[in-house]
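K.L.:
Handing over work.cif, mmCIF, C-alpha atoms.
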```cif
data_query
loop_
_atom_site.label_atom_id
_atom_site.label_comp_id
_atom_site.auth_asym_id
_atom_site.auth_seq_id
_atom_site.Cartn_x
_atom_site.Cartn_y
_atom_site.Cartn_z
CA MET A 153 -5.94 34.53 5.92
CA PRO A 154 -5.14 31.07 7.17
CA HIS A 155 -1.97 32.08 8.98
CA ASP A 156 -3.26 35.15 10.74
CA HIS A 157 -3.23 35.01 14.52
CA HIS A 158 -1.92 31.47 14.59
CA ASP A 159 1.51 32.30 15.91
CA HIS A 160 0.59 31.37 19.45
CA LEU A 161 -1.49 28.30 18.70
CA SER A 162 -0.29 24.74 18.47
CA PRO A 163 -1.36 22.52 15.54
CA SER A 164 -4.24 21.37 17.72
CA GLY A 165 -5.36 24.98 18.11
CA HIS A 166 -4.36 25.41 21.73
CA PRO A 167 -2.03 28.10 23.01
CA PHE A 168 1.52 27.01 23.68
CA ARG A 169 2.61 27.17 27.30
CA PRO A 170 4.40 30.50 27.71
CA ASP A 171 7.38 28.80 29.42
CA ASP A 172 8.05 26.67 26.36
CA ASP A 173 7.26 29.31 23.79
CA HIS A 174 10.36 31.45 23.90
CA PRO A 175 13.79 31.07 22.35
CA LEU A 176 16.42 29.05 24.16
CA THR A 177 17.58 31.05 27.17
CA TYR A 178 21.02 31.40 28.66
CA TRP A 179 19.91 29.49 31.76
CA GLN A 180 18.44 26.66 29.71
CA GLN A 181 21.74 26.41 27.86
CA MET A 182 23.43 26.15 31.24
CA GLU A 183 21.08 23.40 32.40
CA ILE A 184 21.69 21.36 29.24
CA ALA A 185 25.45 21.86 29.56
CA ILE A 186 25.59 20.86 33.23
CA ARG A 187 23.41 17.81 32.62
CA GLU A 188 25.57 16.62 29.73
CA ILE A 189 28.83 17.22 31.61
CA LEU A 190 27.56 15.39 34.71
CA ILE A 191 26.53 12.43 32.58
CA GLU A 192 29.85 12.36 30.71
CA LYS A 193 31.81 12.50 33.94
CA GLY A 194 29.80 9.65 35.41
CA VAL A 195 28.23 11.72 38.20
CA THR A 196 24.78 10.71 37.02
CA THR A 197 22.97 9.14 34.08
CA ALA A 198 20.11 10.22 31.88
CA ALA A 199 18.07 7.37 33.34
CA GLU A 200 18.76 8.53 36.88
CA ILE A 201 17.67 12.07 36.05
CA ASN A 202 14.46 10.79 34.43
CA ALA A 203 13.79 8.56 37.42
CA GLN A 204 14.23 11.51 39.79
CA ILE A 205 11.80 13.60 37.72
CA ASP A 206 9.30 10.73 37.75
CA ALA A 207 9.67 10.37 41.51
CA MET A 208 9.09 14.09 42.02
CA ASP A 209 6.12 14.09 39.64
CA ALA A 210 4.61 11.21 41.59
CA ARG A 211 4.63 13.25 44.79
CA SER A 212 1.44 15.17 45.16
CA PRO A 213 -0.85 16.43 47.91
CA ALA A 214 -2.52 13.01 47.71
CA ASN A 215 0.40 11.72 49.78
CA GLY A 216 -0.26 14.24 52.53
CA ALA A 217 -4.00 13.66 52.30
CA ALA A 218 -3.48 9.95 52.92
CA VAL A 219 -1.38 10.74 56.00
CA VAL A 220 -3.93 13.22 57.37
CA ALA A 221 -6.88 10.90 56.74
CA ARG A 222 -5.10 8.08 58.54
CA ALA A 223 -4.35 10.38 61.46
CA TRP A 224 -8.07 11.18 61.60
CA THR A 225 -9.05 7.51 61.73
CA ASP A 226 -6.18 5.80 63.56
CA PRO A 227 -5.35 7.30 66.99
CA THR A 228 -2.14 5.28 67.33
CA PHE A 229 -0.91 6.58 64.01
CA ARG A 230 -2.00 10.10 64.95
CA ASP A 231 0.11 9.92 68.11
CA ASP A 232 3.07 8.58 66.12
CA LEU A 233 2.64 11.40 63.60
CA MET A 234 2.57 14.09 66.25
CA ARG A 235 5.64 12.60 67.94
CA ASP A 236 7.75 12.08 64.79
CA ALA A 237 6.06 13.04 61.55
CA GLY A 238 9.06 12.02 59.47
CA ALA A 239 9.06 8.46 60.75
CA ALA A 240 5.26 8.18 60.62
CA SER A 241 5.04 9.38 57.02
CA ALA A 242 8.00 7.18 56.04
CA SER A 243 6.06 4.22 57.45
CA MET A 244 3.43 4.95 54.79
CA GLY A 245 6.09 5.07 52.07
CA PHE A 246 6.55 8.85 52.00
CA ASP A 247 10.18 9.12 53.01
CA ILE A 248 11.40 12.64 53.80
CA GLY A 249 15.07 11.69 53.95
CA PRO A 250 17.36 13.29 56.51
CA MET A 251 15.10 16.28 57.12
CA LYS A 252 12.96 16.68 60.20
CA LEU A 253 9.21 16.88 59.66
CA ILE A 254 6.87 18.26 62.31
CA ALA A 255 3.09 17.85 62.18
CA VAL A 256 1.07 20.67 63.73
CA LYS A 257 -2.53 19.92 64.57
CA ASN A 258 -5.40 22.34 64.17
CA THR A 259 -8.15 22.37 66.79
CA ALA A 260 -11.32 24.35 67.34
CA ASP A 261 -9.14 27.00 69.03
CA VAL A 262 -5.84 26.87 67.13
CA HIS A 263 -5.15 27.29 63.42
CA ASN A 264 -1.64 26.60 62.10
CA VAL A 265 -0.10 27.93 58.91
CA ILE A 266 3.32 27.23 57.40
CA VAL A 267 5.66 29.50 55.49
CA CYS A 268 9.33 29.71 54.61
CA THR A 269 10.35 33.35 55.00
CA LEU A 270 13.94 32.74 53.91
CA CYS A 271 13.39 30.66 50.80
CA SER A 272 10.92 27.98 49.74
CA CYS A 273 11.24 25.07 52.20
CA TYR A 274 8.18 22.88 51.95
CA PRO A 275 7.16 19.30 52.86
CA ARG A 276 7.88 18.02 49.34
CA ASN A 277 7.58 14.37 50.30
CA LEU A 278 3.96 14.87 51.29
CA LEU A 279 2.82 17.70 48.99
CA GLY A 280 5.08 17.69 45.91
CA LEU A 281 6.62 20.92 44.66
CA PRO A 282 5.39 24.14 46.28
CA PRO A 283 2.89 26.35 44.46
CA ASP A 284 4.25 29.58 42.99
CA TRP A 285 2.55 31.76 45.58
CA TYR A 286 4.32 29.91 48.41
CA LYS A 287 7.63 31.13 46.95
CA SER A 288 6.41 34.70 46.36
CA ARG A 289 7.77 37.77 48.10
CA ALA A 290 4.25 38.62 49.29
CA TYR A 291 3.58 35.29 51.03
CA ARG A 292 7.07 35.02 52.51
CA SER A 293 7.02 38.59 53.79
CA ARG A 294 3.50 39.04 55.09
CA THR A 295 2.51 35.68 56.58
CA VAL A 296 4.56 36.15 59.74
CA LYS A 297 3.36 39.74 60.18
CA GLU A 298 -0.33 39.70 59.30
CA PRO A 299 -1.39 36.07 58.96
CA ARG A 300 -5.10 36.80 59.33
CA LYS A 301 -5.03 39.21 56.40
CA VAL A 302 -3.10 36.68 54.32
CA LEU A 303 -5.54 33.91 55.23
CA ALA A 304 -8.46 36.17 54.34
CA GLU A 305 -6.98 36.54 50.84
CA PHE A 306 -7.22 32.76 50.58
CA GLY A 307 -10.83 32.93 51.70
CA VAL A 308 -10.11 31.68 55.21
CA ASP A 309 -11.75 34.00 57.74
CA LEU A 310 -11.07 32.83 61.27
CA PRO A 311 -13.07 33.92 64.31
CA ASP A 312 -11.20 36.19 66.70
CA HIS A 313 -11.08 33.53 69.41
CA VAL A 314 -9.03 31.21 67.20
CA THR A 315 -5.28 31.50 67.82
CA VAL A 316 -3.20 31.61 64.65
CA ARG A 317 0.22 29.98 64.87
CA VAL A 318 2.68 30.61 62.04
CA HIS A 319 5.53 28.12 61.58
CA ASP A 320 8.61 29.30 59.67
CA SER A 321 10.26 26.35 57.92
CA THR A 322 13.98 25.88 57.46
CA ALA A 323 16.08 23.85 55.07
CA ASP A 324 16.31 21.06 57.64
CA MET A 325 12.92 21.30 59.31
CA ARG A 326 9.58 21.19 57.52
CA TYR A 327 6.01 21.37 58.77
CA ILE A 328 2.70 19.84 57.75
CA VAL A 329 -0.66 21.01 59.07
CA VAL A 330 -3.16 18.41 60.22
CA PRO A 331 -6.49 20.16 59.69
CA VAL A 332 -9.61 19.57 61.75
CA ARG A 333 -11.66 16.62 60.54
CA PRO A 334 -14.87 17.98 59.03
CA GLY A 335 -18.09 17.26 60.90
CA GLY A 336 -20.63 14.93 59.36
CA THR A 337 -18.01 12.35 58.42
CA ASP A 338 -18.65 9.75 61.12
CA GLY A 339 -18.00 6.27 59.81
CA TRP A 340 -16.09 7.46 56.74
CA SER A 341 -13.09 5.40 55.70
CA ALA A 342 -9.61 6.92 55.46
CA ASP A 343 -9.83 6.78 51.65
CA GLN A 344 -13.10 8.69 51.65
CA LEU A 345 -11.76 11.25 54.10
CA ALA A 346 -8.59 11.76 52.07
CA ALA A 347 -10.73 13.20 49.27
CA LEU A 348 -11.63 16.08 51.60
CA VAL A 349 -8.02 17.00 52.40
CA THR A 350 -6.75 19.76 50.09
CA ARG A 351 -3.20 20.89 49.57
CA ASP A 352 -3.92 24.29 51.08
CA SER A 353 -5.54 22.73 54.14
CA MET A 354 -2.16 21.09 54.86
CA ILE A 355 -0.30 24.40 54.38
CA GLY A 356 -2.87 26.16 56.55
CA THR A 357 -4.08 28.55 53.87
CA GLY A 358 -7.23 26.51 53.36
CA LEU A 359 -9.68 24.25 55.13
CA PRO A 360 -10.72 20.71 54.19
CA LYS A 361 -13.69 20.34 51.88
CA ALA A 362 -17.10 19.93 53.43
CA PRO A 363 -18.46 16.37 53.19
CA GLU A 364 -21.31 17.49 50.97
CA ALA A 365 -18.75 18.86 48.50
CA ILE A 366 -17.90 15.39 47.26
CA ALA A 367 -20.21 12.71 45.98
CA GLN A 368 -20.39 9.81 48.38
CA THR A 369 -19.70 6.39 47.01
CA PRO A 370 -21.76 3.57 48.52
CA ARG A 371 -20.07 1.86 51.43
CA MET Y 219 12.47 46.92 49.28
CA THR Y 220 13.08 47.77 52.91
CA HIS Y 221 16.77 46.88 53.12
CA SER Y 222 18.25 49.97 51.49
CA PRO Y 223 22.02 50.46 51.66
CA ASN Y 224 21.56 53.54 53.82
CA GLY Y 225 18.98 52.03 56.11
CA TYR Y 226 20.62 48.65 56.67
CA ASP Y 227 18.81 46.92 59.49
CA GLY Y 228 21.06 43.88 59.96
CA ARG Y 229 19.08 41.64 57.66
CA ARG Y 230 19.97 40.56 54.17
CA TRP Y 231 17.49 40.86 51.33
CA HIS Y 232 16.32 37.25 51.41
CA ASP Y 233 15.37 37.59 55.09
CA MET Y 234 12.04 39.13 54.11
CA GLY Y 235 9.75 37.85 56.87
CA GLY Y 236 7.72 40.75 58.25
CA ASP Y 237 8.29 43.12 55.35
CA ALA Y 238 5.39 44.93 53.76
CA ALA Y 239 4.35 43.50 50.41
CA GLY Y 240 1.43 43.39 48.03
CA PRO Y 241 -1.37 40.86 47.62
CA ILE Y 242 -0.51 37.16 47.42
CA PRO Y 243 -0.19 36.34 43.71
CA THR Y 244 -2.59 33.72 42.43
CA GLU Y 245 -0.92 32.85 39.11
CA GLN Y 246 0.37 29.30 38.82
CA HIS Y 247 2.47 27.82 36.04
CA ASP Y 248 3.07 24.19 35.18
CA PHE Y 249 6.69 23.22 35.64
CA SER Y 250 8.39 22.75 32.30
CA LEU Y 251 10.80 19.93 31.55
CA TRP Y 252 13.89 22.08 31.93
CA GLU Y 253 12.72 23.23 35.37
CA LYS Y 254 12.14 19.64 36.46
CA ARG Y 255 15.61 18.78 35.23
CA VAL Y 256 17.13 21.57 37.31
CA ASP Y 257 15.30 20.23 40.35
CA ALA Y 258 16.50 16.70 39.61
CA LEU Y 259 20.11 17.80 39.07
CA MET Y 260 20.08 19.59 42.43
CA VAL Y 261 18.69 16.55 44.25
CA ILE Y 262 21.05 14.10 42.56
CA ALA Y 263 24.23 16.19 42.82
CA SER Y 264 23.60 17.05 46.46
CA SER Y 265 22.63 13.49 47.40
CA LYS Y 266 25.97 12.35 45.98
CA GLY Y 267 27.86 14.77 48.18
CA HIS Y 268 28.95 17.36 45.59
CA PHE Y 269 27.33 20.13 47.59
CA THR Y 270 24.77 20.67 50.31
CA VAL Y 271 21.43 22.43 50.52
CA ASP Y 272 23.27 25.07 52.53
CA GLY Y 273 25.61 25.56 49.58
CA LEU Y 274 22.60 25.98 47.32
CA ARG Y 275 21.12 28.53 49.70
CA ARG Y 276 24.39 30.42 50.13
CA VAL Y 277 24.67 31.19 46.43
CA LEU Y 278 20.96 32.02 46.13
CA GLU Y 279 21.22 34.44 49.03
CA ASP Y 280 24.39 36.04 47.68
CA MET Y 281 22.47 37.05 44.57
CA SER Y 282 21.17 40.58 44.60
CA PRO Y 283 17.56 41.39 45.42
CA GLU Y 284 17.20 42.27 41.75
CA SER Y 285 17.82 38.64 40.82
CA PHE Y 286 14.72 37.69 42.78
CA GLU Y 287 12.69 40.02 40.59
CA THR Y 288 14.36 39.40 37.24
CA MET Y 289 15.15 35.67 37.27
CA THR Y 290 12.72 32.82 37.64
CA TYR Y 291 12.98 30.38 40.53
CA TYR Y 292 14.76 27.65 38.58
CA GLU Y 293 16.97 30.13 36.76
CA ARG Y 294 18.30 31.10 40.18
CA TRP Y 295 18.60 27.44 41.10
CA ILE Y 296 20.64 26.43 38.04
CA ALA Y 297 22.95 29.39 38.62
CA SER Y 298 23.50 28.19 42.18
CA VAL Y 299 23.90 24.52 41.21
CA ASN Y 300 26.50 25.62 38.66
CA GLN Y 301 28.46 27.73 41.14
CA ASN Y 302 28.49 24.89 43.67
CA LEU Y 303 29.61 22.27 41.15
CA ILE Y 304 32.46 24.47 39.94
CA GLU Y 305 33.53 25.16 43.52
CA SER Y 306 33.57 21.45 44.33
CA GLY Y 307 35.70 20.76 41.27
CA VAL Y 308 33.26 18.64 39.29
CA TYR Y 309 34.03 20.68 36.16
CA THR Y 310 35.68 23.97 35.26
CA THR Y 311 34.30 27.24 33.96
CA ALA Y 312 36.18 26.58 30.73
CA GLU Y 313 34.43 23.22 30.28
CA LEU Y 314 31.08 24.84 30.93
CA ALA Y 315 31.73 27.72 28.54
CA ALA Y 316 32.79 25.38 25.74
CA ARG Y 317 29.72 23.21 26.20
CA MET Y 318 27.32 26.14 26.36
CA SER Y 319 28.79 27.48 23.16
CA ASP Y 320 28.25 24.09 21.45
CA ILE Y 321 24.69 24.03 22.69
CA ALA Y 322 23.91 27.54 21.46
CA ALA Y 323 24.96 26.44 17.97
CA ARG Y 324 22.57 23.49 17.92
CA GLY Y 325 19.36 25.44 17.52
CA ALA Y 326 17.14 28.26 18.68
CA THR Y 327 14.81 26.30 20.94
CA TYR Y 328 15.25 24.15 24.02
CA GLY Y 329 14.14 21.07 22.13
CA GLU Y 330 16.62 21.59 19.30
CA ALA Y 331 19.49 22.32 21.67
CA SER Y 332 18.82 19.43 24.02
CA HIS Y 333 20.03 16.07 22.78
CA GLU Y 334 17.43 13.57 23.89
#
```
Please express what this file holds, its structure, as structure tokens.
P.N.:
Amino acid sequence: MPHDHHDHLSPSGHPFRPDDDHPLTYWQQMEIAIREILIEKGVTTAAEINAQIDAMDARSPANGAAVVARAWTDPTFRDDLMRDAGAASASMGFDIGPMKLIAVKNTADVHNVIVCTLCSCYPRNLLGLPPDWYKSRAYRSRTVKEPRKVLAEFGVDLPDHVTVRVHDSTADMRYIVVPVRPGGTDGWSADQLAALVTRDSMIGTGLPKAPEAIAQTPR
Amino acid sequence: MTHSPNGYDGRRWHDMGGDAAGPIPTEQHDFSLWEKRVDALMVIASSKGHFTVDGLRRVLEDMSPESFETMTYYERWIASVNQNLIESGVYTTAELAARMSDIAARGATYGEASHE
């Protein structure tokens, strides 16, 4: 039968995204209503809302990776970043607004990890929107209590001699982890290094990629 | 849930740092358009002074622990944005109710109900 089992497939034969595949919800009705009322009352415009969505979509961990790679290659910038991460990232075009941003630097002996136990505060200007797990009860609850076990679930097993520092973000103060520059990258440009910097390495739940993990382009 | 009514330890439900919990979930969903719009409305309305991030947080934290389990992240956000905008006098509950009723009559899906 041609129509059997096709309820969950789009015309192209792919499954619909679950989030978009259910009837209009009460909360979606509320969002539409608020948006229309705000536009009618002149608080905002449809164009302004679209521009804000575009601006948020454009923010990705590539922003943070560019900042980290520059810190790895430019000692003056690194010092600026450690002194005032908000100003240093704004100087690269990644404005954080009125919030305070603090960079925490990993070393051979110290590993930093960030969390927001109270809600979901995250360095959006450098990493985009937080992943779902960052907002989960499990991550928020456990990271400050048993960070090594949490890190192990992400595949990060740290030697006992490494100190783990957990930083609890607030609405007004965000953190970004500057991971350790991988060995075997002498002479690499900031652009090449940025390809090694993962989102999770800047949250602290991951490490940068190894240089052999990416194909080298001729220099 | 460690903050039972009988064993109140001075913390509210959202103050969950240090609680026992299960494995870190690995599922990830792509943000849908309506979720991005909620995010944008929060940023725009707060940047124009209609409420603050603390106002957003206050309403989120006043929700019950059950809301954390039964509502999605942006469902909680739109509820909080709404409460804050009503409190600051941008519109009334009656205006909202009338508009939501209009919207419900437009169609059964988000796309049908949302005038583009």
K.L.:
Expand the PyMOL selection byres ((chain Y and resi 317-322) around 7) into the explicit residue set it covers here, and present it as a PyMOL selection string.
P.N.:
(chain A and resi 181-182+185) or (chain Y and resi 313-316+323-325+331)
K.L.:
Provide the CA of Val296 (chain A) to CA of Ala221 (chain A) distance in Å, to one decimal place.
P.N.:
27.9 Å
K.L.:
Go through Y:Glu284, Y:Glu279, Y:Glu330, Y:Glu293 one by one, measure the shortest atom-to-atom distance of each to chain A using only C-alpha atoms, and give the residue with the smallest value.
P.N.:
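Of all the options, Y:Glu293 lies closest to chain A.
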K.L.:
Tell me which protein, DNA and RNA residues are within 12 Å of Ile304 (chain Y), counting only C-alpha atoms, leaving out same-chain ones fewer than 3 positions away, and put them as a PyMOL selection string.
P.N.:
(chain A and resi 186+189-190) or (chain Y and resi 268-269+273+297-301+307-315)
K.L.:
Taking only C-alpha atoms into account, which of A:His313, A:Arg333, A:His174, A:Arg187 comes nearest Ile262 (chain Y)?
P.N.:
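Counting only C-alpha atoms, the residue closest to Ile262 (chain Y) is A:Arg187.
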K.L.:
Going by the chain IDs and residue numbers used in this file, which residues fall under the PyMOL selection byres ((chain Y) within 7 of (chain A))? Write them as number ranges by chain.
P.N.:
Y: 232-244, 246, 250, 252, 254-256, 258-259, 293, 296, 314, 317-318, 321-322, 326-328, 332
K.L.:
Which residues are close to Lys252 (chain A), i.e. within 9 Å by all atoms listed in the file, leaving aside same-chain residues fewer than 5 positions away? Reply as a PDB file with C-alpha atoms, keeping the file's coordinate frame.
P.N.:
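Written out: part_37.pdb:
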```pdb
ATOM      1  CA  ASP A 236       7.750  12.080  64.790  1.00  0.00           C
ATOM      2  CA  ALA A 237       6.060  13.040  61.550  1.00  0.00           C
ATOM      3  CA  GLY A 238       9.060  12.020  59.470  1.00  0.00           C
ATOM      4  CA  ASP A 324      16.310  21.060  57.640  1.00  0.00           C
ATOM      5  CA  MET A 325      12.920  21.300  59.310  1.00  0.00           C
ATOM      6  CA  ARG A 326       9.580  21.190  57.520  1.00  0.00           C
ATOM      7  CA  TYR A 327       6.010  21.370  58.770  1.00  0.00           C
TER       8      TYR A 327
END
```
K.L.:
Here's the selection I'm unsure about, the PyMOL selection byres ((chain A and resi 219) around 12); applied to the file above, which residues does it give, as number ranges by chain?
P.N.:
A: 213-218, 220-226, 229-230, 232-234, 237-246, 255, 277-279, 328-331, 342-343, 345-347, 349, 354
K.L.:
Taking all atoms of region 311-330 of chain Y that the file lists and extending 4 Å past them on each side, where is the centre of the axis-aligned box and how long are its edges? Answer in Å to one decimal, as lines of an AutoDock Vina configuration file.
P.N.:
```
center_x = 25.2
center_y = 24.7
center_z = 25.7
size_x = 30.0
size_y = 15.2
size_z = 24.4
```
K.L.:
So, with only C-alpha atoms as the atoms that count, which of A:Lys361, A:Val314, A:Asp309, A:Ile266 lies closest to Pro282 (chain A)?
P.N.:
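Smallest distance to Pro282 (chain A) is found for A:Ile266.
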